[in-house]
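For reference, input28.cif is printed below; it contains mmCIF, C-alpha atoms.
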```
data_upload
#
loop_
_atom_site.group_PDB
_atom_site.id
_atom_site.type_symbol
_atom_site.label_atom_id
_atom_site.label_comp_id
_atom_site.auth_asym_id
_atom_site.auth_seq_id
_atom_site.Cartn_x
_atom_site.Cartn_y
_atom_site.Cartn_z
ATOM 1 C CA MET A 4 -16.137 8.803 14.963
ATOM 2 C CA GLN A 5 -15.640 7.552 18.527
ATOM 3 C CA GLY A 6 -16.653 10.988 19.855
ATOM 4 C CA ASN A 7 -20.338 9.958 19.752
ATOM 5 C CA LEU A 8 -19.776 6.884 21.906
ATOM 6 C CA PRO A 9 -20.319 6.768 25.672
ATOM 7 C CA PRO A 10 -17.049 7.173 27.642
ATOM 8 C CA GLU A 11 -17.233 3.592 28.913
ATOM 9 C CA ALA A 12 -17.423 2.280 25.356
ATOM 10 C CA GLN A 13 -14.562 4.524 24.264
ATOM 11 C CA GLU A 14 -12.453 3.165 27.094
ATOM 12 C CA LYS A 15 -13.209 -0.389 26.046
ATOM 13 C CA ILE A 16 -12.328 0.371 22.429
ATOM 14 C CA GLU A 17 -8.979 1.746 23.604
ATOM 15 C CA GLN A 18 -8.418 -1.406 25.648
ATOM 16 C CA LEU A 19 -9.268 -3.476 22.566
ATOM 17 C CA GLN A 20 -6.726 -1.513 20.540
ATOM 18 C CA ASP A 21 -4.076 -2.080 23.242
ATOM 19 C CA LEU A 22 -4.858 -5.795 23.202
ATOM 20 C CA GLN A 23 -4.565 -5.802 19.431
ATOM 21 C CA GLU A 24 -1.077 -4.296 19.735
ATOM 22 C CA THR A 25 -0.108 -6.854 22.385
ATOM 23 C CA ALA A 26 -1.399 -9.636 20.155
ATOM 24 C CA GLN A 27 0.721 -8.344 17.280
ATOM 25 C CA THR A 28 3.839 -8.183 19.464
ATOM 26 C CA VAL A 29 3.233 -11.726 20.709
ATOM 27 C CA ALA A 30 2.661 -12.920 17.125
ATOM 28 C CA VAL A 31 6.004 -11.425 16.032
ATOM 29 C CA GLN A 32 7.827 -12.948 19.029
ATOM 30 C CA LYS A 33 6.198 -16.307 18.268
ATOM 31 C CA GLN A 34 7.297 -16.126 14.651
ATOM 32 C CA GLU A 35 10.878 -15.344 15.714
ATOM 33 C CA ALA A 36 10.897 -18.204 18.231
ATOM 34 C CA GLU A 37 9.483 -20.593 15.612
ATOM 35 C CA SER A 38 12.111 -19.577 13.116
ATOM 36 C CA SER A 39 14.953 -19.982 15.671
ATOM 37 C CA LEU A 40 13.540 -23.357 16.703
ATOM 38 C CA THR A 41 13.415 -24.585 13.093
ATOM 39 C CA GLU A 42 16.997 -23.393 12.597
ATOM 40 C CA ALA A 43 18.248 -25.156 15.745
ATOM 41 C CA GLU A 44 16.339 -28.340 14.865
ATOM 42 C CA ASN A 45 17.761 -28.346 11.332
ATOM 43 C CA ALA A 46 21.299 -27.790 12.688
ATOM 44 C CA LEU A 47 20.789 -30.661 15.136
ATOM 45 C CA ASP A 48 19.436 -32.940 12.360
ATOM 46 C CA GLU A 49 22.434 -32.060 10.220
ATOM 47 C CA LEU A 50 24.782 -32.711 13.131
ATOM 48 C CA GLU A 51 23.331 -36.181 13.599
ATOM 49 C CA THR A 52 24.154 -37.116 10.003
ATOM 50 C CA ILE A 53 27.856 -36.242 10.317
ATOM 51 C CA ASP A 54 30.762 -38.048 11.885
ATOM 52 C CA GLU A 55 31.428 -37.336 15.569
ATOM 53 C CA GLU A 56 35.089 -36.714 14.725
ATOM 54 C CA THR A 57 34.144 -33.808 12.466
ATOM 55 C CA PRO A 58 35.841 -30.584 13.610
ATOM 56 C CA MET A 59 33.145 -28.207 14.781
ATOM 57 C CA TYR A 60 33.087 -24.433 15.052
ATOM 58 C CA ARG A 61 30.877 -22.010 16.954
ATOM 59 C CA LYS A 62 30.205 -18.531 15.643
ATOM 60 C CA VAL A 63 31.271 -15.734 17.985
ATOM 61 C CA GLY A 64 30.573 -12.469 16.213
ATOM 62 C CA GLU A 65 32.401 -12.828 12.901
ATOM 63 C CA LEU A 66 34.826 -15.414 14.285
ATOM 64 C CA LEU A 67 34.553 -19.174 14.117
ATOM 65 C CA VAL A 68 35.874 -20.699 17.304
ATOM 66 C CA GLU A 69 36.749 -24.378 17.313
ATOM 67 C CA THR A 70 34.563 -26.492 19.585
ATOM 68 C CA GLU A 71 33.817 -30.164 20.292
ATOM 69 C CA TYR A 72 31.116 -32.166 18.533
ATOM 70 C CA ASP A 73 29.563 -33.184 21.894
ATOM 71 C CA GLU A 74 29.563 -29.630 23.132
ATOM 72 C CA ALA A 75 27.810 -28.470 19.960
ATOM 73 C CA GLU A 76 25.248 -31.266 20.280
ATOM 74 C CA ASP A 77 24.525 -30.494 23.960
ATOM 75 C CA ASP A 78 24.229 -26.785 23.287
ATOM 76 C CA LEU A 79 21.890 -27.281 20.334
ATOM 77 C CA GLU A 80 19.711 -29.682 22.347
ATOM 78 C CA ASP A 81 19.490 -27.095 25.148
ATOM 79 C CA LYS A 82 18.625 -24.433 22.587
ATOM 80 C CA VAL A 83 15.816 -26.572 21.136
ATOM 81 C CA ASP A 84 14.435 -27.309 24.626
ATOM 82 C CA SER A 85 14.434 -23.689 25.737
ATOM 83 C CA LEU A 86 12.902 -22.505 22.449
ATOM 84 C CA GLU A 87 10.136 -25.106 22.767
ATOM 85 C CA ILE A 88 9.357 -23.802 26.260
ATOM 86 C CA ARG A 89 9.419 -20.200 25.009
ATOM 87 C CA LEU A 90 7.059 -21.115 22.185
ATOM 88 C CA GLU A 91 4.649 -22.819 24.609
ATOM 89 C CA THR A 92 4.680 -19.718 26.836
ATOM 90 C CA LEU A 93 3.999 -17.469 23.849
ATOM 91 C CA GLU A 94 1.152 -19.718 22.670
ATOM 92 C CA LYS A 95 -0.456 -19.511 26.122
ATOM 93 C CA GLN A 96 0.005 -15.750 26.106
ATOM 94 C CA GLU A 97 -1.602 -15.592 22.661
ATOM 95 C CA GLU A 98 -4.609 -17.585 23.902
ATOM 96 C CA ARG A 99 -4.915 -15.376 26.972
ATOM 97 C CA VAL A 100 -4.897 -12.211 24.862
ATOM 98 C CA GLN A 101 -7.451 -13.748 22.493
ATOM 99 C CA ASP A 102 -9.753 -14.643 25.439
ATOM 100 C CA GLN A 103 -9.411 -11.180 26.946
ATOM 101 C CA PHE A 104 -10.142 -9.659 23.552
ATOM 102 C CA GLU A 105 -13.267 -11.747 23.029
ATOM 103 C CA SER A 106 -14.657 -11.016 26.483
ATOM 104 C CA LEU A 107 -13.986 -7.300 26.096
ATOM 105 C CA GLN A 108 -15.581 -7.369 22.663
ATOM 106 C CA GLY A 109 -18.651 -9.047 24.211
ATOM 107 C CA GLU A 110 -18.854 -6.350 26.874
ATOM 108 C CA LEU A 111 -18.622 -3.661 24.205
ATOM 109 C CA GLU A 112 -21.351 -5.340 22.141
ATOM 110 C CA GLU A 113 -23.605 -5.313 25.194
ATOM 111 C CA LEU A 114 -22.852 -1.649 25.828
ATOM 112 C CA LEU A 115 -23.600 -0.705 22.229
ATOM 113 C CA GLY A 116 -26.693 -2.850 21.891
ATOM 114 C CA GLY A 117 -25.258 -5.915 20.097
ATOM 115 C CA GLY A 118 -24.132 -4.285 16.864
ATOM 116 C CA MET A 119 -20.483 -5.410 16.974
ATOM 117 C CA GLY A 120 -20.762 -8.708 15.052
ATOM 118 C CA GLY A 121 -17.691 -9.380 12.943
ATOM 119 C CA GLY A 122 -15.636 -6.757 14.747
ATOM 120 C CA PRO A 123 -11.867 -6.637 14.990
ATOM 121 C CA SER A 124 -9.806 -9.434 16.369
ATOM 122 C CA PRO A 125 -6.232 -9.391 17.651
ATOM 123 C CA ALA A 126 -3.521 -9.238 15.000
ATOM 124 C CA GLY A 127 -5.986 -9.350 12.141
ATOM 125 C CA GLY A 128 -7.811 -12.484 13.241
ATOM 126 C CA PRO A 129 -7.491 -15.410 15.628
ATOM 127 C CA GLY A 130 -4.264 -17.235 15.048
ATOM 128 C CA ALA A 131 -2.953 -14.660 12.576
ATOM 129 C CA GLY A 132 0.804 -14.319 12.453
ATOM 130 C CA GLY A 133 1.215 -17.873 13.622
ATOM 131 C CA ALA A 134 2.026 -21.051 11.628
ATOM 132 C CA MET O 10 -22.537 1.222 13.672
ATOM 133 C CA GLY O 11 -22.136 0.126 10.033
ATOM 134 C CA GLN O 12 -19.468 2.778 9.547
ATOM 135 C CA GLN O 13 -17.637 1.527 12.606
ATOM 136 C CA GLN O 14 -17.724 -2.046 11.319
ATOM 137 C CA LEU O 15 -16.436 -0.865 7.947
ATOM 138 C CA GLN O 16 -13.590 0.972 9.633
ATOM 139 C CA GLN O 17 -12.690 -2.109 11.651
ATOM 140 C CA LEU O 18 -12.766 -4.307 8.557
ATOM 141 C CA SER O 19 -10.575 -1.865 6.685
ATOM 142 C CA GLN O 20 -8.083 -1.846 9.592
ATOM 143 C CA GLU O 21 -7.994 -5.631 9.610
ATOM 144 C CA ILE O 22 -7.449 -5.744 5.846
ATOM 145 C CA GLN O 23 -4.594 -3.261 6.193
ATOM 146 C CA GLN O 24 -2.990 -5.381 8.919
ATOM 147 C CA ILE O 25 -3.263 -8.506 6.810
ATOM 148 C CA GLU O 26 -1.776 -6.712 3.814
ATOM 149 C CA ALA O 27 1.147 -5.527 5.953
ATOM 150 C CA GLU O 28 1.684 -9.104 7.156
ATOM 151 C CA ILE O 29 1.595 -10.372 3.559
ATOM 152 C CA GLU O 30 4.200 -7.770 2.561
ATOM 153 C CA GLU O 31 6.462 -8.893 5.404
ATOM 154 C CA LEU O 32 6.089 -12.534 4.429
ATOM 155 C CA GLU O 33 6.811 -11.730 0.781
ATOM 156 C CA ALA O 34 10.006 -9.989 1.904
ATOM 157 C CA ASP O 35 10.860 -13.154 3.878
ATOM 158 C CA VAL O 36 10.408 -15.266 0.737
ATOM 159 C CA GLU O 37 12.707 -12.922 -1.172
ATOM 160 C CA ALA O 38 15.364 -13.156 1.565
ATOM 161 C CA ILE O 39 15.159 -16.970 1.541
ATOM 162 C CA GLN O 40 15.438 -16.980 -2.280
ATOM 163 C CA GLN O 41 18.583 -14.866 -1.892
ATOM 164 C CA GLN O 42 20.026 -17.419 0.556
ATOM 165 C CA LYS O 43 19.228 -20.152 -1.983
ATOM 166 C CA THR O 44 21.076 -18.266 -4.717
ATOM 167 C CA GLU O 45 24.110 -17.850 -2.438
ATOM 168 C CA THR O 46 24.008 -21.557 -1.577
ATOM 169 C CA ASP O 47 23.901 -22.413 -5.296
ATOM 170 C CA GLU O 48 26.931 -20.204 -5.873
ATOM 171 C CA ALA O 49 28.825 -21.934 -3.054
ATOM 172 C CA ILE O 50 27.969 -25.362 -4.516
ATOM 173 C CA GLU O 51 29.126 -24.231 -7.951
ATOM 174 C CA ALA O 52 32.401 -22.869 -6.523
ATOM 175 C CA LEU O 53 33.068 -26.038 -4.529
ATOM 176 C CA GLU O 54 32.401 -28.235 -7.547
ATOM 177 C CA THR O 55 34.771 -26.153 -9.663
ATOM 178 C CA LEU O 56 37.665 -25.798 -7.214
ATOM 179 C CA GLU O 57 40.327 -28.303 -6.240
ATOM 180 C CA THR O 58 43.377 -28.341 -3.996
ATOM 181 C CA ASP O 59 45.958 -25.813 -5.282
ATOM 182 C CA SER O 60 43.363 -23.878 -7.294
ATOM 183 C CA THR O 61 44.095 -20.161 -7.441
ATOM 184 C CA VAL O 62 41.269 -17.928 -6.298
ATOM 185 C CA GLN O 63 40.815 -14.212 -5.809
ATOM 186 C CA VAL O 64 39.525 -13.531 -2.314
ATOM 187 C CA PRO O 65 37.199 -10.510 -2.112
ATOM 188 C CA LEU O 66 38.372 -7.967 0.478
ATOM 189 C CA GLY O 67 35.451 -5.580 -0.046
ATOM 190 C CA GLY O 68 35.443 -2.303 -1.912
ATOM 191 C CA GLY O 69 36.006 -4.212 -5.135
ATOM 192 C CA ALA O 70 39.507 -5.332 -4.078
ATOM 193 C CA TYR O 71 40.707 -8.942 -4.376
ATOM 194 C CA LEU O 72 43.726 -10.852 -3.121
ATOM 195 C CA ARG O 73 45.157 -13.895 -4.879
ATOM 196 C CA ALA O 74 45.221 -17.084 -2.774
ATOM 197 C CA ASN O 75 45.746 -20.787 -3.228
ATOM 198 C CA VAL O 76 43.302 -23.409 -1.979
ATOM 199 C CA GLU O 77 45.430 -25.354 0.457
ATOM 200 C CA ASP O 78 43.041 -28.267 0.916
ATOM 201 C CA ILE O 79 39.675 -28.585 -0.831
ATOM 202 C CA ASP O 80 38.727 -31.257 1.697
ATOM 203 C CA GLU O 81 38.668 -28.735 4.533
ATOM 204 C CA VAL O 82 35.490 -26.818 3.823
ATOM 205 C CA ILE O 83 33.640 -25.120 6.663
ATOM 206 C CA VAL O 84 29.892 -24.988 6.228
ATOM 207 C CA GLU O 85 27.493 -23.242 8.599
ATOM 208 C CA LEU O 86 24.815 -25.577 9.918
ATOM 209 C CA GLY O 87 22.708 -22.815 11.444
ATOM 210 C CA ALA O 88 22.093 -21.732 15.047
ATOM 211 C CA ASP O 89 25.710 -20.431 15.257
ATOM 212 C CA TYR O 90 27.382 -23.757 14.490
ATOM 213 C CA ALA O 91 29.551 -24.835 11.578
ATOM 214 C CA GLY O 92 31.286 -28.069 10.674
ATOM 215 C CA GLU O 93 34.364 -28.895 8.634
ATOM 216 C CA PHE O 94 33.680 -31.171 5.654
ATOM 217 C CA GLU O 95 35.405 -32.851 2.765
ATOM 218 C CA GLN O 96 34.507 -31.384 -0.617
ATOM 219 C CA THR O 97 31.755 -33.884 -1.511
ATOM 220 C CA ASP O 98 30.218 -33.842 1.985
ATOM 221 C CA ALA O 99 30.262 -30.043 1.970
ATOM 222 C CA VAL O 100 28.341 -30.049 -1.332
ATOM 223 C CA GLU O 101 25.886 -32.581 0.133
ATOM 224 C CA THR O 102 25.384 -30.441 3.265
ATOM 225 C CA LEU O 103 24.772 -27.368 1.123
ATOM 226 C CA LYS O 104 22.219 -29.297 -0.958
ATOM 227 C CA ASN O 105 20.408 -30.299 2.251
ATOM 228 C CA LYS O 106 20.427 -26.660 3.256
ATOM 229 C CA LYS O 107 18.818 -25.787 -0.054
ATOM 230 C CA ASP O 108 16.092 -28.393 0.532
ATOM 231 C CA ASN O 109 15.385 -26.854 3.940
ATOM 232 C CA LEU O 110 15.176 -23.408 2.341
ATOM 233 C CA ASP O 111 12.709 -24.787 -0.240
ATOM 234 C CA ASP O 112 10.562 -26.188 2.582
ATOM 235 C CA ARG O 113 10.591 -22.799 4.289
ATOM 236 C CA ILE O 114 9.568 -21.058 1.071
ATOM 237 C CA ASP O 115 6.634 -23.502 0.730
ATOM 238 C CA GLU O 116 5.592 -22.847 4.335
ATOM 239 C CA VAL O 117 5.721 -19.066 3.970
ATOM 240 C CA ASN O 118 3.874 -19.207 0.634
ATOM 241 C CA ALA O 119 1.135 -21.318 2.251
ATOM 242 C CA GLU O 120 0.860 -18.721 5.000
ATOM 243 C CA ILE O 121 0.608 -15.946 2.382
ATOM 244 C CA ALA O 122 -2.160 -17.847 0.554
ATOM 245 C CA GLU O 123 -4.063 -18.248 3.840
ATOM 246 C CA LEU O 124 -3.806 -14.528 4.593
ATOM 247 C CA GLU O 125 -4.837 -13.617 1.048
ATOM 248 C CA ALA O 126 -7.956 -15.780 1.397
ATOM 249 C CA GLU O 127 -8.709 -14.113 4.736
ATOM 250 C CA SER O 128 -8.251 -10.673 3.196
ATOM 251 C CA THR O 129 -10.551 -11.505 0.242
ATOM 252 C CA GLU O 130 -13.226 -12.683 2.679
ATOM 253 C CA LEU O 131 -12.981 -9.457 4.671
ATOM 254 C CA GLU O 132 -13.133 -7.379 1.478
ATOM 255 C CA GLN O 133 -16.339 -9.167 0.521
ATOM 256 C CA GLN O 134 -17.791 -8.473 3.962
ATOM 257 C CA ALA O 135 -16.856 -4.802 3.595
ATOM 258 C CA GLN O 136 -18.505 -4.646 0.151
ATOM 259 C CA GLN O 137 -21.697 -6.187 1.533
ATOM 260 C CA LEU O 138 -21.754 -3.671 4.359
ATOM 261 C CA GLN O 139 -21.273 -0.814 1.919
ATOM 262 C CA GLN O 140 -24.114 -2.086 -0.271
ATOM 263 C CA GLN O 141 -26.396 -2.446 2.752
ATOM 264 C CA ALA O 142 -25.551 1.090 3.860
ATOM 265 C CA MET O 143 -26.297 2.429 0.377
ATOM 266 C CA GLN O 144 -29.622 0.579 0.205
ATOM 267 C CA GLN O 145 -30.597 1.965 3.601
ATOM 268 C CA GLN O 146 -29.721 5.470 2.456
ATOM 269 C CA MET O 147 -31.802 5.069 -0.726
ATOM 270 C CA GLN O 148 -34.755 3.775 1.299
ATOM 271 C CA GLN O 149 -34.489 6.697 3.691
ATOM 272 C CA MET O 150 -34.336 9.137 0.780
ATOM 273 C CA GLY O 151 -37.404 7.453 -0.795
ATOM 274 C CA GLN O 152 -39.335 7.756 2.457
ATOM 275 C CA GLY O 153 -38.334 11.412 2.747
ATOM 276 C CA ASP O 154 -39.751 12.168 -0.731
ATOM 277 C CA GLU O 155 -43.190 10.699 0.124
#
```
Would you encode the structure as structure tokens?
Amino acid sequence: MQGNLPPEAQEKIEQLQDLQETAQTVAVQKQEAESSLTEAENALDELETIDEETPMYRKVGELLVETEYDEAEDDLEDKVDSLEIRLETLEKQEERVQDQFESLQGELEELLGGGMGGGPSPAGGPGAGGA
Amino acid sequence: MGQQQLQQLSQEIQQIEAEIEELEADVEAIQQQKTETDEAIEALETLETDSTVQVPLGGGAYLRANVEDIDEVIVELGADYAGEFEQTDAVETLKNKKDNLDDRIDEVNAEIAELEAESTELEQQAQQLQQQAMQQQMQQMGQGDE
């Protein structure tokens, strides 16, 4: 199918496919970060509703190791902060990949005489795999 | 070019379908967590201090044990932390957990619905392209006959 295309166009299609893969990887990482963030936020919310004297435990492998309420709170707050930063980074990366994809798609359209309307987009469409 | 577009659309539809499958598996896993939470609530509401229980050791083996204090229940809060609660607070915490799981199910289901709508739209586009290609072929055949 791609054998009939000029080499330059073939190269661009390969680049588009690579970008699509990158977009999918970023989407998966974003989903994981979102899920971890929700979990840490929920744990923090739950922590705020309980008494500060409550004995707390931290999971280490299969073990539950006793810890302090304040320590748990600080650690969860740090976790939320770092996951928010990670999520921001991934969102920027997602935008960058999307921009690169669109510009490459434009270049390919020009090469092939403008017949690419409605072509592929990273990870099955802009913003796919997010939420 | 039409063929290429069709191929791209079909790839996109396949990707979306794979994503939907993954999300459906997520919903199933969350439902499983909800069932386990329900079982824990039921057990906590049934047990009391000095109750005799059989602790599962795996492999279908159980060991008899006594509940020393029903007001020392450890419940995981998520993100690797757990707290020790009295019986009623433990049940309350587990019910909150269940509410959070319900919210997550709603979120994932909304995402699935969005992807399904996207997939339907792409399928319609693909159908239109196929029809156009067929019409073009028929026209070409008609011209060839003249």
Neighbourhood query: residues within 10 Å of (5.4, -8.2, 12.1), file coordinates, counting only C-alpha atoms; return as a ChimeraX atom specification.
/A:27-32,34-35,126,132 /O:24,27-32
Go ahead and write the selection's residues with C-alpha atoms as a PDB file, in the coordinates of the input.
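selection.pdb, freshly written:
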```pdb
ATOM      1  CA  GLN A  27       0.721  -8.344  17.280  1.00  0.00           C
ATOM      2  CA  THR A  28       3.839  -8.183  19.464  1.00  0.00           C
ATOM      3  CA  VAL A  29       3.233 -11.726  20.709  1.00  0.00           C
ATOM      4  CA  ALA A  30       2.661 -12.920  17.125  1.00  0.00           C
ATOM      5  CA  VAL A  31       6.004 -11.425  16.032  1.00  0.00           C
ATOM      6  CA  GLN A  32       7.827 -12.948  19.029  1.00  0.00           C
ATOM      7  CA  GLN A  34       7.297 -16.126  14.651  1.00  0.00           C
ATOM      8  CA  GLU A  35      10.878 -15.344  15.714  1.00  0.00           C
ATOM      9  CA  ALA A 126      -3.521  -9.238  15.000  1.00  0.00           C
ATOM     10  CA  GLY A 132       0.804 -14.319  12.453  1.00  0.00           C
TER      11      GLY A 132
ATOM     12  CA  GLN O  24      -2.990  -5.381   8.919  1.00  0.00           C
ATOM     13  CA  ALA O  27       1.147  -5.527   5.953  1.00  0.00           C
ATOM     14  CA  GLU O  28       1.684  -9.104   7.156  1.00  0.00           C
ATOM     15  CA  ILE O  29       1.595 -10.372   3.559  1.00  0.00           C
ATOM     16  CA  GLU O  30       4.200  -7.770   2.561  1.00  0.00           C
ATOM     17  CA  GLU O  31       6.462  -8.893   5.404  1.00  0.00           C
ATOM     18  CA  LEU O  32       6.089 -12.534   4.429  1.00  0.00           C
TER      19      LEU O  32
END
```
Could you give me, as CSV, every chain A residue with an atom at most 6 Å from chain O, plus its closest atom pair and distance in Å to one decimal, counting only C-alpha atoms, rows ordered by chain then number?
```
residue,atom,partner,partner_atom,distance
A:Glu42,CA,O:Gly87,CA,5.9
A:Ala43,CA,O:Ala88,CA,5.2
A:Ala46,CA,O:Leu86,CA,5.0
A:Pro58,CA,O:Glu93,CA,5.5
A:Met59,CA,O:Gly92,CA,4.5
A:Tyr60,CA,O:Ala91,CA,5.0
A:Arg61,CA,O:Tyr90,CA,4.6
A:Lys62,CA,O:Asp89,CA,4.9
A:Pro123,CA,O:Gln17,CA,5.7
A:Gly127,CA,O:Glu21,CA,4.9
```
Taking 6 positions as the minimum chain separation for residues in the same chain, which residues sit within 9 Å of Glu76 in chain A when counting only C-alpha atoms? Answer as an MDAnalysis selection string.
chainID A and resid 47 50:51
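Here the question is which of O:Gln140, O:Gly151, O:Asp111, O:Gln146 gets nearest to Lys43 in chain O using only C-alpha atoms, and that residue is O:Asp111.
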Expressed in Å to a single decimal, how great is the separation between CA of Glu101 in chain O and CA of Asp81 in chain A?
26.4 Å
Each side padded by 5 Å, which centre and which edge lengths in Å (one decimal) define the axis-aligned box around the listed atoms of range 17-29 of chain A? Give them as lines of an AutoDock Vina configuration file.
```
center_x = -2.7
center_y = -5.0
center_z = 21.5
size_x = 23.1
size_y = 23.5
size_z = 18.4
```
Pull out every residue that the PyMOL selection byres ((chain A and resi 102) around 12) matches in the shown coordinates and put them as a PyMOL selection string.
chain A and resi 19+22-23+26+95-101+103-109+124-125+129
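You will find CA of Asp77 in chain A at 24.3 Å from CA of Leu93 in chain A.
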Mind pulling up the distance from CA of Leu103 in chain O to CA of Glu77 in chain O?
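Separating CA of Glu77 in chain O from CA of Leu103 in chain O is a distance of 20.8 Å.
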Name the residues in contact with Gln13 in chain A at a cut-off of 12 Å, using only C-alpha atoms, excluding same-chain residues fewer than 4 positions from it; report them as a ChimeraX atom specification.
/A:4-9,17-20,107,110-111,114-115
Selection in question (the file shown): the PyMOL selection byres ((chain O and resi 54) around 10). Which residues does it include, as JSON, numbers by chain?
{"O": [48, 49, 50, 51, 52, 53, 55, 56, 57, 79, 96, 97, 99, 100]}
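The nearest approach to Ile53 in chain A among the residues A:Leu79, A:Ser39, A:Tyr72, A:Leu66, with only C-alpha atoms taken into account, belongs to A:Tyr72.
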